[in-house]
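Peer 1: Next comes the structure file entry_31.tsv, holding TSV, C-alpha atoms.
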```tsv
chain	number	residue	atom	x	y	z
H	1	MET	CA	133.69	-85.91	-25.73
H	2	ARG	CA	133.67	-84.83	-22.11
H	3	ASP	CA	130.29	-85.45	-20.46
H	4	VAL	CA	129.25	-82.05	-19.09
H	5	ARG	CA	126.09	-83.24	-17.38
H	6	MET	CA	126.09	-82.10	-13.75
H	7	ARG	CA	129.67	-80.87	-14.23
H	8	GLY	CA	129.36	-77.77	-16.36
H	9	PHE	CA	131.53	-76.38	-19.13
H	10	ARG	CA	135.29	-76.07	-18.70
H	11	ALA	CA	135.44	-73.67	-21.63
H	12	ARG	CA	132.99	-72.13	-24.08
H	13	THR	CA	133.43	-71.48	-27.78
H	14	SER	CA	133.34	-67.83	-28.84
H	15	VAL	CA	130.38	-66.72	-30.91
H	16	ALA	CA	132.75	-65.60	-33.67
H	17	ASP	CA	134.42	-69.01	-33.89
H	18	ALA	CA	131.07	-70.81	-33.88
H	19	VAL	CA	129.70	-68.59	-36.65
H	20	ALA	CA	132.89	-68.97	-38.71
H	21	LEU	CA	132.69	-72.76	-38.46
H	22	LEU	CA	129.13	-72.73	-39.78
H	23	GLU	CA	130.12	-70.42	-42.63
H	24	ARG	CA	132.80	-72.91	-43.68
H	25	ARG	CA	130.58	-75.96	-43.44
H	26	VAL	CA	127.16	-74.79	-44.69
H	27	ALA	CA	126.54	-73.80	-48.32
H	28	ALA	CA	123.56	-73.47	-50.64
H	29	LEU	CA	121.64	-76.58	-51.64
H	30	GLY	CA	121.13	-77.64	-55.25
H	31	ALA	CA	118.56	-76.24	-57.67
H	32	GLU	CA	115.07	-77.32	-58.57
H	33	ARG	CA	112.75	-76.14	-61.32
H	34	VAL	CA	109.45	-74.56	-60.28
H	35	PRO	CA	106.55	-72.92	-62.13
H	36	ILE	CA	106.79	-69.15	-62.36
H	37	ARG	CA	103.74	-68.81	-60.08
H	38	GLU	CA	105.64	-70.55	-57.27
H	39	ALA	CA	108.96	-68.72	-57.66
H	40	ALA	CA	108.35	-65.61	-55.51
H	41	GLY	CA	110.31	-65.75	-52.26
H	42	ARG	CA	112.81	-68.22	-53.72
H	43	VAL	CA	116.40	-67.58	-54.77
H	44	ALA	CA	117.25	-67.72	-58.47
H	45	ALA	CA	119.77	-70.45	-59.31
H	46	GLU	CA	120.35	-69.15	-62.84
H	47	ASP	CA	120.45	-65.93	-64.81
H	48	VAL	CA	117.19	-65.40	-66.68
H	49	VAL	CA	117.79	-63.83	-70.09
H	50	ALA	CA	114.99	-62.14	-72.03
H	51	ARG	CA	114.28	-64.05	-75.23
H	52	VAL	CA	112.04	-61.23	-76.49
H	53	SER	CA	111.79	-57.49	-76.01
H	54	VAL	CA	109.00	-55.98	-73.92
H	55	PRO	CA	107.01	-54.60	-75.52
H	56	HIS	CA	107.73	-56.45	-78.75
H	57	PHE	CA	105.60	-53.99	-80.72
H	58	ALA	CA	105.08	-50.23	-80.54
H	59	ARG	CA	102.00	-49.53	-78.40
H	60	ALA	CA	99.87	-46.62	-77.28
H	61	ALA	CA	100.77	-45.09	-73.94
H	62	MET	CA	97.56	-43.04	-73.78
H	63	ASP	CA	93.92	-43.22	-74.79
H	64	GLY	CA	93.33	-41.02	-77.80
H	65	TYR	CA	94.07	-41.14	-81.52
H	66	ALA	CA	97.02	-42.56	-83.45
H	67	VAL	CA	98.21	-40.01	-85.98
H	68	VAL	CA	101.12	-38.94	-88.10
H	69	GLY	CA	102.60	-36.35	-85.76
H	70	GLU	CA	103.53	-33.95	-88.55
H	71	SER	CA	99.91	-33.79	-89.68
H	72	THR	CA	98.96	-32.08	-86.39
H	73	PHE	CA	101.54	-29.30	-86.57
H	74	GLY	CA	99.95	-25.87	-86.30
H	75	ALA	CA	96.80	-27.10	-84.57
H	76	THR	CA	95.35	-24.79	-81.90
H	77	SER	CA	92.06	-24.50	-80.09
H	78	TYR	CA	91.30	-21.49	-82.31
H	79	ALA	CA	92.39	-23.18	-85.53
H	80	PRO	CA	91.94	-26.94	-85.09
H	81	ILE	CA	92.96	-29.46	-87.71
H	82	LEU	CA	90.44	-32.00	-88.95
H	83	LEU	CA	91.47	-35.60	-89.61
H	84	THR	CA	89.32	-38.38	-91.01
H	85	LEU	CA	88.57	-41.15	-88.53
H	86	ALA	CA	89.64	-44.34	-90.31
H	87	GLY	CA	88.90	-46.99	-87.66
H	88	ASP	CA	90.06	-48.04	-84.24
H	89	ALA	CA	92.80	-50.08	-82.52
H	90	ARG	CA	92.36	-52.05	-79.31
H	91	PRO	CA	94.70	-54.09	-77.09
H	92	GLY	CA	95.33	-57.51	-78.59
H	93	ARG	CA	94.00	-56.50	-81.98
H	94	LEU	CA	96.02	-55.10	-84.88
H	95	HIS	CA	94.46	-52.42	-87.06
H	96	PRO	CA	94.37	-53.68	-90.65
H	97	GLY	CA	96.01	-51.58	-93.26
H	98	SER	CA	98.18	-48.50	-92.98
H	99	LEU	CA	97.37	-45.00	-91.81
H	100	LYS	CA	97.18	-42.49	-94.68
H	101	ALA	CA	97.86	-38.79	-94.64
H	102	GLY	CA	94.98	-36.88	-93.10
H	103	GLU	CA	93.69	-39.86	-91.14
H	104	ALA	CA	93.47	-40.79	-87.46
H	105	ILE	CA	92.78	-44.07	-85.68
H	106	ALA	CA	90.94	-44.19	-82.35
H	107	ILE	CA	93.24	-46.07	-79.97
H	108	THR	CA	93.32	-47.18	-76.34
H	109	THR	CA	96.28	-47.62	-73.98
H	110	GLY	CA	98.27	-50.74	-74.79
H	111	ALA	CA	96.95	-51.20	-78.31
H	112	PRO	CA	99.44	-51.67	-81.18
H	113	ILE	CA	100.33	-48.52	-83.08
H	114	PRO	CA	98.94	-48.86	-86.63
H	115	ASP	CA	101.36	-48.88	-89.53
H	116	GLY	CA	102.06	-45.37	-90.71
H	117	ALA	CA	101.28	-43.70	-87.36
H	118	ASP	CA	104.08	-42.33	-85.19
H	119	ALA	CA	102.30	-40.55	-82.34
H	120	VAL	CA	99.21	-40.62	-80.13
H	121	ILE	CA	97.34	-37.46	-79.32
H	122	MET	CA	95.54	-37.52	-75.99
H	123	ALA	CA	91.76	-37.71	-76.05
H	124	GLU	CA	91.63	-34.50	-73.98
H	125	HIS	CA	92.96	-32.52	-76.96
H	126	THR	CA	90.47	-33.89	-79.48
H	127	GLU	CA	86.80	-33.85	-80.36
H	128	GLU	CA	85.07	-36.40	-82.54
H	129	ILE	CA	82.52	-34.92	-84.93
H	130	LEU	CA	80.36	-36.01	-87.85
H	131	GLY	CA	81.45	-34.11	-90.96
H	132	PRO	CA	80.32	-34.07	-94.58
H	133	GLY	CA	82.56	-37.01	-95.41
H	134	GLY	CA	81.80	-39.06	-92.31
H	135	ARG	CA	83.38	-39.24	-88.84
H	136	GLN	CA	86.20	-36.78	-88.21
H	137	VAL	CA	88.49	-35.81	-85.33
H	138	ARG	CA	89.10	-32.18	-84.47
H	139	ILE	CA	92.71	-31.76	-83.19
H	140	SER	CA	93.27	-28.70	-81.01
H	141	GLU	CA	96.92	-29.24	-80.06
H	142	PRO	CA	99.94	-30.53	-82.00
H	143	VAL	CA	101.72	-33.73	-81.02
H	144	ALA	CA	105.36	-34.50	-81.84
H	145	PRO	CA	106.33	-37.73	-83.58
H	146	GLY	CA	107.03	-40.45	-80.98
H	147	LYS	CA	104.90	-38.78	-78.32
H	148	HIS	CA	102.82	-41.15	-76.14
H	149	VAL	CA	104.18	-44.20	-77.92
H	150	GLY	CA	105.71	-47.10	-76.03
H	151	HIS	CA	108.54	-48.25	-78.26
H	152	ILE	CA	109.85	-51.79	-78.82
H	153	GLY	CA	112.13	-52.79	-75.94
H	154	GLU	CA	111.18	-49.75	-73.85
H	155	ASP	CA	110.66	-52.03	-70.81
H	156	VAL	CA	113.05	-54.93	-71.52
H	157	THR	CA	115.49	-55.41	-74.37
H	158	GLU	CA	115.93	-58.87	-75.86
H	159	GLY	CA	119.14	-60.51	-74.59
H	160	THR	CA	119.34	-58.63	-71.27
H	161	ILE	CA	119.43	-60.40	-67.89
H	162	VAL	CA	116.10	-59.72	-66.19
H	163	VAL	CA	116.79	-61.87	-63.10
H	164	ALA	CA	120.32	-62.38	-61.85
H	165	ARG	CA	121.44	-65.62	-60.27
H	166	GLY	CA	121.36	-65.37	-56.46
H	167	ARG	CA	118.53	-62.85	-56.37
H	168	LEU	CA	115.80	-63.32	-53.79
H	169	LEU	CA	112.78	-63.14	-56.05
H	170	ARG	CA	110.25	-60.46	-55.20
H	171	PRO	CA	106.77	-60.30	-56.75
H	172	GLN	CA	107.95	-57.77	-59.34
H	173	ASP	CA	110.91	-59.98	-60.29
H	174	VAL	CA	108.73	-62.94	-61.20
H	175	GLY	CA	106.39	-60.53	-62.98
H	176	VAL	CA	109.20	-59.32	-65.24
H	177	ALA	CA	110.30	-62.93	-65.84
H	178	ALA	CA	106.75	-63.84	-66.83
H	179	SER	CA	106.57	-60.85	-69.19
H	180	VAL	CA	109.44	-62.24	-71.29
H	181	GLY	CA	107.80	-65.63	-71.63
H	182	VAL	CA	109.39	-67.57	-68.76
H	183	ALA	CA	107.18	-70.44	-67.61
H	184	GLU	CA	109.56	-72.09	-65.13
H	185	LEU	CA	112.60	-71.02	-63.15
H	186	ASP	CA	115.58	-72.80	-61.63
H	187	VAL	CA	115.66	-71.83	-57.95
H	188	VAL	CA	117.69	-72.96	-54.95
H	189	ARG	CA	115.90	-75.77	-53.17
H	190	ARG	CA	114.19	-74.75	-49.93
H	191	PRO	CA	115.81	-76.59	-47.01
H	192	THR	CA	113.56	-78.96	-45.11
H	193	VAL	CA	113.68	-78.66	-41.33
H	194	ALA	CA	112.82	-81.10	-38.55
H	195	ILE	CA	111.76	-79.59	-35.23
H	196	LEU	CA	112.41	-82.01	-32.36
H	197	VAL	CA	111.12	-80.88	-28.97
H	198	THR	CA	112.44	-82.63	-25.87
H	199	GLY	CA	110.97	-82.45	-22.39
H	200	ASP	CA	108.65	-84.69	-20.39
H	201	GLU	CA	107.08	-81.61	-18.83
H	202	LEU	CA	105.72	-80.22	-22.11
H	203	LEU	CA	102.15	-80.03	-23.35
H	204	PRO	CA	101.41	-79.31	-27.04
H	205	PRO	CA	100.40	-75.79	-28.12
H	206	GLY	CA	96.71	-75.21	-27.53
H	207	SER	CA	96.81	-76.92	-24.16
H	208	VAL	CA	96.24	-75.22	-20.80
H	209	PRO	CA	99.15	-75.43	-18.32
H	210	GLU	CA	98.37	-77.85	-15.51
H	211	GLY	CA	100.16	-79.25	-12.48
H	212	ALA	CA	103.91	-79.31	-13.12
H	213	ARG	CA	103.50	-79.29	-16.90
H	214	ILE	CA	103.94	-76.27	-19.19
H	215	VAL	CA	102.92	-75.55	-22.75
H	216	ASP	CA	105.52	-75.87	-25.50
H	217	ALA	CA	106.02	-72.42	-27.04
H	218	ASN	CA	109.39	-73.07	-28.70
H	219	SER	CA	108.02	-75.15	-31.55
H	220	VAL	CA	105.60	-72.37	-32.50
H	221	VAL	CA	108.38	-69.78	-32.48
H	222	LEU	CA	110.77	-72.02	-34.41
H	223	ALA	CA	108.21	-72.95	-37.07
H	224	ALA	CA	107.56	-69.25	-37.73
H	225	LEU	CA	111.28	-68.48	-37.87
H	226	VAL	CA	111.86	-71.33	-40.31
H	227	GLU	CA	109.15	-69.94	-42.59
H	228	ARG	CA	110.64	-66.46	-42.30
H	229	ASP	CA	114.03	-67.77	-43.36
H	230	GLY	CA	112.80	-69.71	-46.37
H	231	GLY	CA	112.78	-73.22	-44.91
H	232	ARG	CA	110.07	-75.87	-44.87
H	233	HIS	CA	109.24	-77.56	-41.58
H	234	GLY	CA	107.32	-80.78	-41.26
H	235	GLY	CA	103.86	-79.36	-40.78
H	236	ALA	CA	102.24	-77.75	-37.75
H	237	THR	CA	102.99	-80.61	-35.37
H	238	PRO	CA	106.59	-80.90	-34.08
H	239	ARG	CA	108.06	-84.23	-33.03
H	240	TYR	CA	108.00	-84.58	-29.27
H	241	VAL	CA	110.83	-86.60	-27.76
H	242	ALA	CA	110.93	-88.07	-24.27
H	243	ASP	CA	113.85	-87.25	-21.95
H	244	GLN	CA	115.45	-90.63	-22.58
H	245	ARG	CA	118.70	-91.30	-24.37
H	246	GLU	CA	117.22	-93.96	-26.62
H	247	ALA	CA	114.32	-91.71	-27.61
H	248	VAL	CA	116.69	-88.85	-28.50
H	249	GLU	CA	118.88	-91.16	-30.57
H	250	GLN	CA	115.90	-92.63	-32.38
H	251	ALA	CA	114.53	-89.15	-33.16
H	252	LEU	CA	117.85	-87.91	-34.56
H	253	LEU	CA	118.43	-91.02	-36.65
H	254	GLY	CA	114.86	-90.91	-37.93
H	255	ALA	CA	115.02	-87.29	-39.11
H	256	THR	CA	115.66	-87.14	-42.86
H	257	GLU	CA	115.41	-83.36	-43.29
H	258	ASP	CA	118.23	-81.06	-44.41
H	259	VAL	CA	118.35	-79.34	-41.00
H	260	ILE	CA	117.45	-80.60	-37.54
H	261	LEU	CA	116.47	-78.23	-34.74
H	262	VAL	CA	116.46	-79.76	-31.26
H	263	SER	CA	114.66	-77.69	-28.64
H	264	GLY	CA	115.78	-78.50	-25.09
H	265	GLY	CA	118.06	-81.20	-23.75
H	266	SER	CA	121.23	-79.30	-24.59
H	267	SER	CA	122.42	-78.15	-21.16
H	268	VAL	CA	124.23	-79.91	-18.28
H	269	GLY	CA	121.32	-81.60	-16.49
H	270	PRO	CA	121.15	-85.39	-16.06
H	271	GLU	CA	118.45	-85.65	-18.76
H	272	ASP	CA	120.19	-83.45	-21.32
H	273	HIS	CA	121.03	-86.26	-23.72
H	274	ALA	CA	121.18	-84.48	-27.09
H	275	PRO	CA	124.87	-83.41	-27.07
H	276	GLY	CA	126.13	-86.86	-26.09
H	277	VAL	CA	123.93	-88.66	-28.59
H	278	LEU	CA	124.95	-86.33	-31.42
H	279	ALA	CA	128.62	-86.86	-30.56
H	280	GLU	CA	128.15	-90.63	-30.77
H	281	ILE	CA	126.12	-90.94	-33.96
H	282	GLY	CA	127.50	-87.91	-35.78
H	283	GLU	CA	129.68	-84.92	-34.94
H	284	LEU	CA	129.31	-82.47	-32.07
H	285	ALA	CA	131.22	-79.46	-33.36
H	286	VAL	CA	130.31	-76.91	-30.69
H	287	HIS	CA	128.71	-77.26	-27.26
H	288	GLY	CA	128.74	-74.30	-24.89
H	289	VAL	CA	129.08	-70.80	-26.29
H	290	ALA	CA	130.36	-67.63	-24.60
H	291	MET	CA	127.10	-65.71	-24.81
H	292	ARG	CA	124.10	-64.69	-22.72
H	293	PRO	CA	121.53	-66.09	-22.93
H	294	SER	CA	122.03	-69.42	-24.78
H	295	SER	CA	125.38	-70.45	-23.30
H	296	PRO	CA	124.37	-74.18	-23.41
H	297	ALA	CA	123.70	-73.96	-27.16
H	298	GLY	CA	125.57	-76.15	-29.58
H	299	PHE	CA	125.54	-77.67	-33.02
H	300	GLY	CA	127.04	-80.46	-35.02
H	301	PHE	CA	126.43	-82.58	-38.07
H	302	LEU	CA	124.89	-85.84	-39.17
H	303	GLY	CA	126.91	-86.37	-42.29
H	304	THR	CA	126.69	-82.96	-43.96
H	305	ARG	CA	123.35	-82.04	-42.37
H	306	PRO	CA	123.55	-79.46	-39.57
H	307	VAL	CA	121.94	-80.25	-36.22
H	308	PHE	CA	121.30	-77.31	-33.88
H	309	LEU	CA	120.99	-77.83	-30.14
H	310	LEU	CA	118.81	-75.01	-28.88
H	311	PRO	CA	118.30	-74.50	-25.13
H	312	GLY	CA	114.83	-75.12	-23.77
H	313	ASN	CA	114.44	-71.70	-22.15
H	314	PRO	CA	112.39	-69.78	-24.72
H	315	VAL	CA	114.56	-66.67	-25.04
H	316	SER	CA	117.70	-68.80	-25.16
H	317	CYS	CA	116.09	-70.88	-27.89
H	318	LEU	CA	115.24	-67.76	-29.91
H	319	CYS	CA	118.69	-66.28	-29.36
H	320	ALA	CA	120.56	-69.44	-30.39
H	321	TYR	CA	118.40	-69.76	-33.48
H	322	GLU	CA	119.11	-66.16	-34.53
H	323	PHE	CA	122.88	-66.50	-34.09
H	324	PHE	CA	123.43	-69.96	-35.56
H	325	ALA	CA	120.47	-71.80	-37.08
H	326	GLY	CA	118.90	-68.84	-38.89
H	327	PRO	CA	122.00	-67.79	-40.87
H	328	ALA	CA	122.72	-71.43	-41.77
H	329	LEU	CA	119.17	-72.03	-42.92
H	330	ARG	CA	119.18	-68.89	-45.07
H	331	ALA	CA	122.52	-69.90	-46.58
H	332	LEU	CA	121.21	-73.36	-47.47
H	333	GLY	CA	118.34	-71.72	-49.35
H	334	GLY	CA	120.69	-69.33	-51.18
H	335	ARG	CA	119.78	-66.27	-49.12
H	336	ALA	CA	122.10	-63.82	-47.35
H	337	ARG	CA	123.25	-65.00	-43.91
H	338	ALA	CA	122.75	-61.55	-42.34
H	339	TRP	CA	119.99	-61.19	-39.76
H	340	PRO	CA	116.78	-60.05	-41.53
H	341	HIS	CA	115.98	-57.26	-39.08
H	342	ALA	CA	115.50	-53.57	-39.68
H	343	ARG	CA	118.18	-51.56	-37.88
H	344	ARG	CA	118.44	-48.10	-36.42
H	345	THR	CA	120.91	-46.16	-34.31
H	346	CYS	CA	119.72	-44.98	-30.89
H	347	ARG	CA	121.19	-43.19	-27.88
H	348	VAL	CA	121.60	-45.22	-24.70
H	349	ALA	CA	119.34	-43.70	-22.05
H	350	SER	CA	120.10	-46.28	-19.34
H	351	LYS	CA	123.37	-48.19	-19.05
H	352	ILE	CA	123.62	-51.54	-20.85
H	353	VAL	CA	125.82	-53.88	-18.82
H	354	SER	CA	127.86	-56.83	-20.11
H	355	GLU	CA	131.22	-58.44	-19.39
H	356	LEU	CA	134.35	-58.99	-21.42
H	357	GLY	CA	134.63	-62.26	-23.28
H	358	ARG	CA	130.89	-62.77	-23.65
H	359	VAL	CA	128.38	-61.71	-26.32
H	360	ASP	CA	125.16	-60.35	-24.82
H	361	TYR	CA	121.75	-60.39	-26.49
H	362	VAL	CA	120.08	-57.47	-24.69
H	363	ARG	CA	116.37	-56.88	-25.10
H	364	VAL	CA	115.62	-53.16	-25.25
H	365	LYS	CA	112.82	-50.64	-25.39
H	366	VAL	CA	113.02	-47.76	-27.86
H	367	ASP	CA	111.55	-44.37	-26.96
H	368	GLY	CA	112.05	-41.88	-29.76
H	369	ASP	CA	115.82	-41.85	-30.33
H	370	ASP	CA	116.56	-43.31	-26.89
H	371	VAL	CA	117.00	-46.95	-26.00
H	372	ARG	CA	117.11	-48.68	-22.61
H	373	PRO	CA	117.29	-52.33	-21.54
H	374	ILE	CA	114.06	-53.81	-20.24
H	375	MET	CA	114.12	-54.69	-16.56
H	376	THR	CA	112.79	-58.29	-16.49
H	377	SER	CA	114.83	-60.23	-19.00
H	378	GLY	CA	115.59	-63.75	-17.81
H	379	ALA	CA	116.14	-66.51	-20.35
H	380	SER	CA	112.79	-68.09	-19.48
H	381	ILE	CA	110.78	-64.84	-19.79
H	382	LEU	CA	109.48	-65.10	-23.37
H	383	SER	CA	107.18	-62.12	-22.83
H	384	SER	CA	110.31	-59.96	-22.56
H	385	THR	CA	110.67	-60.33	-26.33
H	386	THR	CA	107.16	-59.01	-26.88
H	387	ARG	CA	107.61	-56.09	-24.48
H	388	ALA	CA	110.93	-55.25	-26.14
H	389	ASP	CA	111.18	-53.34	-29.43
H	390	GLY	CA	114.37	-55.10	-30.39
H	391	VAL	CA	117.82	-56.13	-29.22
H	392	VAL	CA	121.29	-54.69	-28.85
H	393	ILE	CA	124.13	-57.13	-29.42
H	394	VAL	CA	127.07	-56.38	-27.12
H	395	ALA	CA	130.28	-57.74	-28.61
H	396	SER	CA	132.62	-59.89	-26.55
H	397	GLU	CA	135.27	-57.17	-26.44
H	398	ASP	CA	132.90	-54.67	-24.83
H	399	GLU	CA	131.69	-54.31	-21.24
H	400	GLY	CA	128.46	-52.70	-22.31
H	401	TYR	CA	127.45	-49.15	-23.21
H	402	GLY	CA	127.15	-46.08	-21.02
H	403	GLU	CA	124.50	-43.42	-21.08
H	404	GLY	CA	124.82	-41.14	-24.08
H	405	GLU	CA	126.60	-43.67	-26.30
H	406	HIS	CA	125.05	-44.60	-29.62
H	407	VAL	CA	124.25	-48.21	-30.43
H	408	GLU	CA	122.67	-50.19	-33.24
H	409	VAL	CA	119.27	-51.70	-32.43
H	410	LEU	CA	117.97	-54.73	-34.31
H	411	LEU	CA	114.22	-54.20	-34.38
H	412	TYR	CA	111.82	-57.08	-33.77
```
Output the file's structure in the form of structure tokens.

Peer 2:
Amino acid sequence: MRDVRMRGFRARTSVADAVALLERRVAALGAERVPIREAAGRVAAEDVVARVSVPHFARAAMDGYAVVGESTFGATSYAPILLTLAGDARPGRLHPGSLKAGEAIAITTGAPIPDGADAVIMAEHTEEILGPGGRQVRISEPVAPGKHVGHIGEDVTEGTIVVARGRLLRPQDVGVAASVGVAELDVVRRPTVAILVTGDELLPPGSVPEGARIVDANSVVLAALVERDGGRHGGATPRYVADQREAVEQALLGATEDVILVSGGSSVGPEDHAPGVLAEIGELAVHGVAMRPSSPAGFGFLGTRPVFLLPGNPVSCLCAYEFFAGPALRALGGRARAWPHARRTCRVASKIVSELGRVDYVRVKVDGDDVRPIMTSGASILSSTTRADGVVIVASEDEGYGEGEHVEVLLY
């Protein structure tokens, strides 16, 4: 490996080639079994097949009275039909016996339909009275057989796939799985992530900047991104690494996680040790990418585990994560590699400038249907990402976009 410290890059890898390399080398991790209550937000590693139908019994879809539908035919408010009240049915409790002709059973939503009944008449169309023979129900409107009855398998039919392998499980997905009796699910294992922060000038989050020292913001941003993308980082405290070759080597060798994120130490300064150390103890696959910001970004592998070298400038760190580490982390957890941002098409109101051969990550402000680049946007200006509404990615084959052109905005 050529030592680029204080010399610079002779050539930079294209973003497309770097992304393609990661797509070839990074695939989903193995599966683990988790309780159904812990499965939301995970990716299913198996098809889940319903072993029972839902519901597995006919049930009332309304509060009212279970009846034989035919026995209500001809009922009107002027000529109601009287049925004998023969008991009640409640959720979780079967009505004993079978409904006879001329009878009705008081029933509530979700309760099993008594044997012999085939319909439920809504309470609004009835009146309970005390007649000569006991309690009766006056029916003022007919109800067709099957009306207001939830039939067996109406929700889920036994034998159908209720959760497909590869699905990112939403709350409703695990709810359906629970409804068919699933207690545990096989899901793709969440990748563990080490966050190594280099820089003798850094103070931990919560500190107040002082003298020539600044507060580490990258670890906070990276930890939140890791959580967003389904990974697990090693707690709230990152591992701080001194700007010394031996310290960087020790930190990399000591990290046992599935993914290692190194913040800082990736550029061409005399204390940027991470690329050289990774090349010696593992594999440095890419160092220097044709993009702005984040051109000093890189990545490699320790065995099969990816190691991402993220520049120390905060926006460069964010940008490199979004292009390289984020998609890889999502892929390891079984998720789609695509950026998880909402997108919209806007009209360029102020020219967006780039240059051929370089991908640009342009922070922009959206005003209605118009979009314009923000003015202060250096790689060290993290506040530019909070003042911006999103970004426009300018491809390497473009020189930017002129006023009036339409572009896709990835919304923060």

Peer 1: May I ask which of the residues H:Leu168, H:Val120, H:Val67, H:Leu278 is the closest one to H:Glu46, counting all atoms listed in the file?

Peer 2: H:Leu168

Peer 1: Figure out the distance between atom CA of H:Gly230 and atom CA of H:Val286, please, to one decimal in Å.

Peer 2: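 Distance reported for this atom pair: 24.6 Å.
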
Peer 1: Restricting the calculation to only C-alpha atoms, which member of H:Arg138, H:Arg372, H:Lys365, H:Arg59 is positioned closest to H:Ala75?

Peer 2: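 Using only C-alpha atoms, H:Ala75 sits closest to H:Arg138.
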
Peer 1: Go ahead and compute the interatomic distance for atom CA of H:Gly378 and atom CA of H:Ser316, in Å to one decimal.

Peer 2: 9.2 Å

Peer 1: Mind listing as a ChimeraX atom specification all residues within 6 Å of (108.4, -84.4, -25.8), counting all atoms listed in the file?

Peer 2: /H:197-200,240-242

Peer 1: With C-alpha atoms kept, could you save the residues just selected as a short mmCIF file (atom, residue, chain, number, x, y, z; two decimals), in the coordinates of the input?

Peer 2:
```
data_model
loop_
_atom_site.label_atom_id
_atom_site.label_comp_id
_atom_site.auth_asym_id
_atom_site.auth_seq_id
_atom_site.Cartn_x
_atom_site.Cartn_y
_atom_site.Cartn_z
CA VAL H 197 111.12 -80.88 -28.97
CA THR H 198 112.44 -82.63 -25.87
CA GLY H 199 110.97 -82.45 -22.39
CA ASP H 200 108.65 -84.69 -20.39
CA TYR H 240 108.00 -84.58 -29.27
CA VAL H 241 110.83 -86.60 -27.76
CA ALA H 242 110.93 -88.07 -24.27
#
```

Peer 1: Rounded to one decimal place, report the atom CA of H:Gly92-atom CA of H:Gly146 distance in Å.

Peer 2: 20.8 Å

Peer 1: I need the residue nearest H:Arg25 from this list: H:Asp272, H:Gly300, H:Val187, H:Arg42. Use only C-alpha atoms for the distance.

Peer 2: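 Checking each candidate against H:Arg25, we get H:Gly300 as the closest.
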
Peer 1: Show me the residues around (112.1, -56.8, -74.2) - criterion: an atom at most 8 Å away, only C-alpha atoms counted - as a ChimeraX atom specification.

Peer 2: /H:50-56,152-159,180
